[in-house]
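Participant: Sharing input_6.cif, mmCIF, C-alpha atoms:
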data_start
#
loop_
_atom_site.label_atom_id
_atom_site.label_comp_id
_atom_site.auth_asym_id
_atom_site.auth_seq_id
_atom_site.Cartn_x
_atom_site.Cartn_y
_atom_site.Cartn_z
CA ARG A 195 0.00 0.00 0.00
CA TYR A 196 1.25 3.48 -0.88
CA ASP A 197 0.48 6.60 1.16
CA LEU A 198 1.07 9.90 -0.67
CA SER A 199 -0.45 12.20 1.99
CA SER A 200 2.99 13.79 2.60
CA ASN A 201 3.97 14.27 -1.06
CA ASN A 202 3.28 18.03 -0.87
CA SER A 203 1.58 17.76 -4.30
CA LEU A 204 5.03 17.40 -5.87
CA PHE A 205 4.62 13.95 -7.43
CA ASP A 206 2.31 11.05 -8.01
CA LEU A 207 2.79 7.33 -8.54
CA ASP A 208 2.18 5.57 -11.82
CA LEU A 209 1.30 1.97 -10.94
CA SER A 210 0.72 0.78 -14.51
CA GLY A 211 3.06 -1.86 -15.82
CA GLY A 212 3.39 -3.81 -12.59
CA SER A 213 5.75 -1.47 -10.73
CA ALA A 214 5.57 1.93 -9.07
CA ARG A 215 7.10 4.88 -10.92
CA VAL A 216 7.37 8.37 -9.43
CA VAL A 217 6.02 11.08 -11.78
CA ALA A 218 6.83 14.73 -11.04
CA ASN A 219 4.05 17.33 -11.07
CA SER A 220 3.46 19.19 -14.32
CA GLU A 221 3.18 22.62 -12.64
CA GLY A 222 6.92 23.07 -12.07
CA ARG A 223 6.75 22.85 -8.26
CA THR A 224 9.98 21.82 -6.53
CA GLY A 225 10.79 20.55 -3.05
CA SER A 226 10.68 17.35 -1.02
CA GLY A 227 7.91 14.92 -0.19
CA VAL A 228 7.52 11.47 1.32
CA ILE A 229 6.00 8.21 0.13
CA ARG A 230 5.03 5.74 2.84
CA VAL A 231 4.97 2.11 1.81
CA SER A 232 3.33 -0.52 4.00
CA PHE A 233 2.70 -4.21 3.64
CA THR A 234 -0.57 -5.44 5.14
CA HIS A 235 0.42 -9.11 5.39
CA VAL A 236 3.37 -8.17 7.66
CA SER A 237 3.75 -5.25 10.00
CA VAL A 238 6.34 -3.39 7.91
CA THR A 239 6.22 0.28 6.93
CA THR A 240 8.95 2.40 5.39
CA GLU A 241 9.27 5.96 4.17
CA ILE A 242 11.01 7.17 1.04
CA SER A 243 11.96 10.83 0.69
CA ILE A 244 11.72 12.19 -2.85
CA THR A 245 13.18 15.53 -3.94
CA ILE A 246 11.87 17.19 -7.10
CA VAL A 247 14.25 19.73 -8.63
CA GLY A 248 13.72 22.21 -11.43
CA VAL A 249 15.88 23.67 -14.17
CA GLU A 250 17.14 27.16 -13.31
CA SER A 251 19.76 27.74 -15.99
CA MET A 252 21.27 26.34 -19.19
CA VAL A 253 24.85 27.55 -19.62
CA LEU A 254 26.57 27.09 -22.99
CA THR A 255 30.37 27.39 -23.04
CA PRO A 256 32.93 26.63 -25.78
CA ARG A 257 35.85 24.63 -24.31
CA PRO A 258 39.25 23.84 -25.90
CA PHE A 259 39.38 20.78 -28.14
CA PRO A 260 41.06 18.41 -27.79
CA SER A 261 40.57 18.61 -24.05
CA TYR A 262 43.53 18.55 -21.67
CA SER A 263 44.05 18.68 -17.93
CA GLY A 264 42.47 21.93 -16.78
CA SER A 265 40.75 22.73 -20.08
CA THR A 266 37.33 22.78 -18.42
CA GLY A 267 38.46 26.01 -16.76
CA HIS A 268 39.13 27.76 -20.07
CA VAL A 269 36.72 29.38 -22.52
CA ALA A 270 37.66 28.79 -26.17
CA ASP A 271 35.61 31.50 -27.90
CA GLU A 272 38.46 32.55 -30.20
CA LEU A 273 39.95 30.01 -32.60
CA ASN A 274 43.47 31.18 -33.41
CA LEU A 275 45.96 30.07 -36.00
CA ILE A 276 48.46 27.70 -34.37
CA ASP A 277 51.84 29.33 -35.01
CA GLY A 278 53.69 27.85 -37.95
CA SER A 279 51.27 24.95 -38.48
CA GLY A 280 48.65 26.37 -40.83
CA GLU A 281 46.03 24.82 -38.52
CA TYR A 282 43.49 26.57 -36.33
CA GLN A 283 42.43 25.81 -32.79
CA GLU A 284 39.10 24.06 -32.29
CA SER A 285 36.55 24.13 -29.51
CA GLN A 286 33.89 21.80 -28.17
CA LEU A 287 30.56 22.99 -26.82
CA GLU A 288 29.64 22.28 -23.21
CA LEU A 289 26.04 22.65 -22.01
CA LYS A 290 25.40 22.55 -18.27
CA MET A 291 21.95 22.50 -16.75
CA GLY A 292 21.77 24.28 -13.37
CA LEU A 293 19.21 22.78 -11.02
CA SER A 294 17.19 24.32 -8.17
CA ASP A 295 19.09 22.29 -5.55
CA GLY A 296 22.35 24.02 -6.50
CA THR A 297 23.79 21.15 -8.52
CA SER A 298 24.54 21.13 -12.22
CA VAL A 299 24.41 18.38 -14.81
CA ASP A 300 26.52 18.25 -17.97
CA VAL A 301 24.06 17.48 -20.79
CA SER A 302 26.52 18.25 -23.61
CA SER A 303 26.46 14.74 -25.07
CA SER A 304 22.86 13.83 -24.28
CA SER A 305 20.77 12.57 -27.19
CA SER A 306 18.25 15.26 -26.12
CA THR A 307 20.78 18.06 -26.74
CA SER A 308 21.26 19.80 -30.06
CA TYR A 309 23.33 22.76 -31.24
CA ALA A 310 22.80 25.19 -34.09
CA ILE A 311 24.54 28.15 -35.69
CA VAL A 312 22.17 31.11 -35.39
CA SER A 313 24.17 33.49 -37.57
CA GLY A 314 27.61 34.17 -39.01
CA SER A 315 30.17 32.34 -41.13
CA GLY A 316 33.74 31.11 -41.18
CA ILE A 317 33.31 28.44 -38.51
CA ALA A 318 31.71 25.05 -38.96
CA LEU A 319 29.67 23.11 -36.40
CA ASN A 320 29.96 19.33 -36.44
CA SER A 321 27.96 17.67 -33.66
CA LYS A 322 29.23 19.79 -30.75
CA ARG A 323 32.66 20.68 -32.18
CA LEU A 324 33.52 24.05 -33.71
CA SER A 325 36.33 24.42 -36.24
CA ARG A 326 37.37 26.67 -39.10
CA ASP A 327 35.19 26.01 -42.16
CA GLY A 328 38.28 25.06 -44.18
CA VAL A 329 38.76 28.20 -46.23
CA SER A 330 38.05 31.25 -44.07
CA THR A 331 40.77 33.10 -42.23
CA SER A 332 38.33 35.27 -40.34
CA GLY A 333 34.76 34.99 -39.26
CA SER A 334 32.36 34.84 -36.38
CA ILE A 335 29.33 32.74 -35.52
CA VAL A 336 26.63 32.76 -32.89
CA VAL A 337 25.73 29.32 -31.52
CA MET A 338 22.71 28.20 -29.49
CA ALA A 339 21.84 24.98 -27.67
CA ILE A 340 18.60 23.19 -26.81
CA HIS A 341 18.19 20.35 -24.33
CA ALA A 342 14.81 18.62 -24.00
CA GLY A 343 12.99 21.83 -24.93
CA TRP A 344 15.14 24.10 -22.72
CA TYR A 345 17.17 26.75 -24.58
CA SER A 346 20.59 27.93 -23.44
CA ASP A 347 20.32 31.12 -21.37
CA ALA A 348 22.53 33.00 -23.80
CA ASN A 349 23.92 32.28 -27.23
CA VAL A 350 27.70 32.05 -27.58
CA THR A 351 29.82 33.99 -30.08
CA VAL A 352 32.97 32.29 -31.42
CA THR A 353 35.45 34.10 -33.70
CA LEU A 354 38.42 33.25 -35.91
#
Using the file provided, produce a representation of the structure as structure tokens.

Facilitator:
Amino acid sequence: RYDLSSNNSLFDLDLSGGSARVVANSEGRTGSGVIRVSFTHVSVTTEISITIVGVESMVLTPRPFPSYSGSTGHVADELNLIDGSGEYQESQLELKMGLSDGTSVDVSSSSSTSYAIVSGSGIALNSKRLSRDGVSTSGSIVVMAIHAGWYSDANVTVTL
């Protein structure tokens, strides 16, 4: 038996399919609630605390590619010519979802995440990697990201 009297209207239980599945409210409410589970054939009751969090931010950042120790602390929004090589630097897009409990989740490689060039030229986007388009020696693009219907808080500008 399930008791949802302390769920604070944050979630419900879906009992279809032979097992219980917690389903968050559709109104965007966040917080904690409790499910009490009891078994009538034995005198056993337990409580499960459930926390529902919400999305507060979607932060898009270009990072150096290939990555290296410490590269997650650097922003690669300018792709420069690598001295004497004829090659340009590349960057890789990182999308972090900030949650209402203060944590963040990297959703950069999620199948629910997509990236698009909003405007500009000179830089190509392949999956989540940005590189010179092959012929340009200057240029600038504006990139956006979407994850499961949530848009990045701000678009990112990357230049050559």

Participant: Out of A:Ser213, A:Ser321, A:Gln286, A:Thr245, which residue has the shortest atom-to-atom distance to Val228 of chain A when counting all atoms listed in the file?

Facilitator: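 Looking only at the distances to Val228 of chain A, the closest residue turns out to be A:Thr245.
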
Participant: Starting from the displayed file, determine the output of the PyMOL selection byres ((chain A and resi 293) around 12) and express the residue list as JSON, numbers by chain.

Facilitator: {"A": [224, 225, 245, 246, 247, 248, 249, 250, 251, 252, 253, 290, 291, 292, 294, 295, 296, 297, 298, 299, 300]}

Participant: So what does the PyMOL selection byres ((chain A and resi 334) around 8) actually pick up in this one, as a VMD selection string?

Facilitator: chain A and resid 314 to 317 332 to 333 335 to 336 351 to 354

Participant: When distances are computed from only C-alpha atoms, which of A:Ala348, A:Ala318, A:Val216, A:Leu324 shows the smallest separation from Ser285 of chain A?

Facilitator: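 Answer, going by the shortest atom-to-atom distance: A:Leu324.
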
Participant: Selected by the PyMOL selection byres ((chain A and resi 269) around 9) in the shown coordinates: which residues, as a PDB file with C-alpha atoms, in the coordinates of the input?

Facilitator:
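Final file, part-v9.pdb:
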ATOM      1  CA  THR A 255      30.370  27.390 -23.040  1.00  0.00           C
ATOM      2  CA  PRO A 256      32.930  26.630 -25.780  1.00  0.00           C
ATOM      3  CA  ARG A 257      35.850  24.630 -24.310  1.00  0.00           C
ATOM      4  CA  PRO A 258      39.250  23.840 -25.900  1.00  0.00           C
ATOM      5  CA  SER A 265      40.750  22.730 -20.080  1.00  0.00           C
ATOM      6  CA  THR A 266      37.330  22.780 -18.420  1.00  0.00           C
ATOM      7  CA  GLY A 267      38.460  26.010 -16.760  1.00  0.00           C
ATOM      8  CA  HIS A 268      39.130  27.760 -20.070  1.00  0.00           C
ATOM      9  CA  ALA A 270      37.660  28.790 -26.170  1.00  0.00           C
ATOM     10  CA  ASP A 271      35.610  31.500 -27.900  1.00  0.00           C
ATOM     11  CA  GLU A 272      38.460  32.550 -30.200  1.00  0.00           C
ATOM     12  CA  SER A 285      36.550  24.130 -29.510  1.00  0.00           C
TER      13      SER A 285
END

Participant: Quote the spacing between atom CA of Gly222 of chain A and atom CA of Ser200 of chain A in Å to one decimal place.

Facilitator: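 Interatomic distance, atom CA of Gly222 of chain A to atom CA of Ser200 of chain A: 17.8 Å.
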
Participant: Would you compute the distance between atom CA of Val217 of chain A and atom CA of Asn202 of chain A? Give it in Å to one decimal.

Facilitator: 13.2 Å

Participant: Using all atoms listed in the file, which of A:Ser210, A:Ser199, A:Ser308, A:Ser237 sits nearest His341 of chain A?

Facilitator: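 Closest candidate: A:Ser308.
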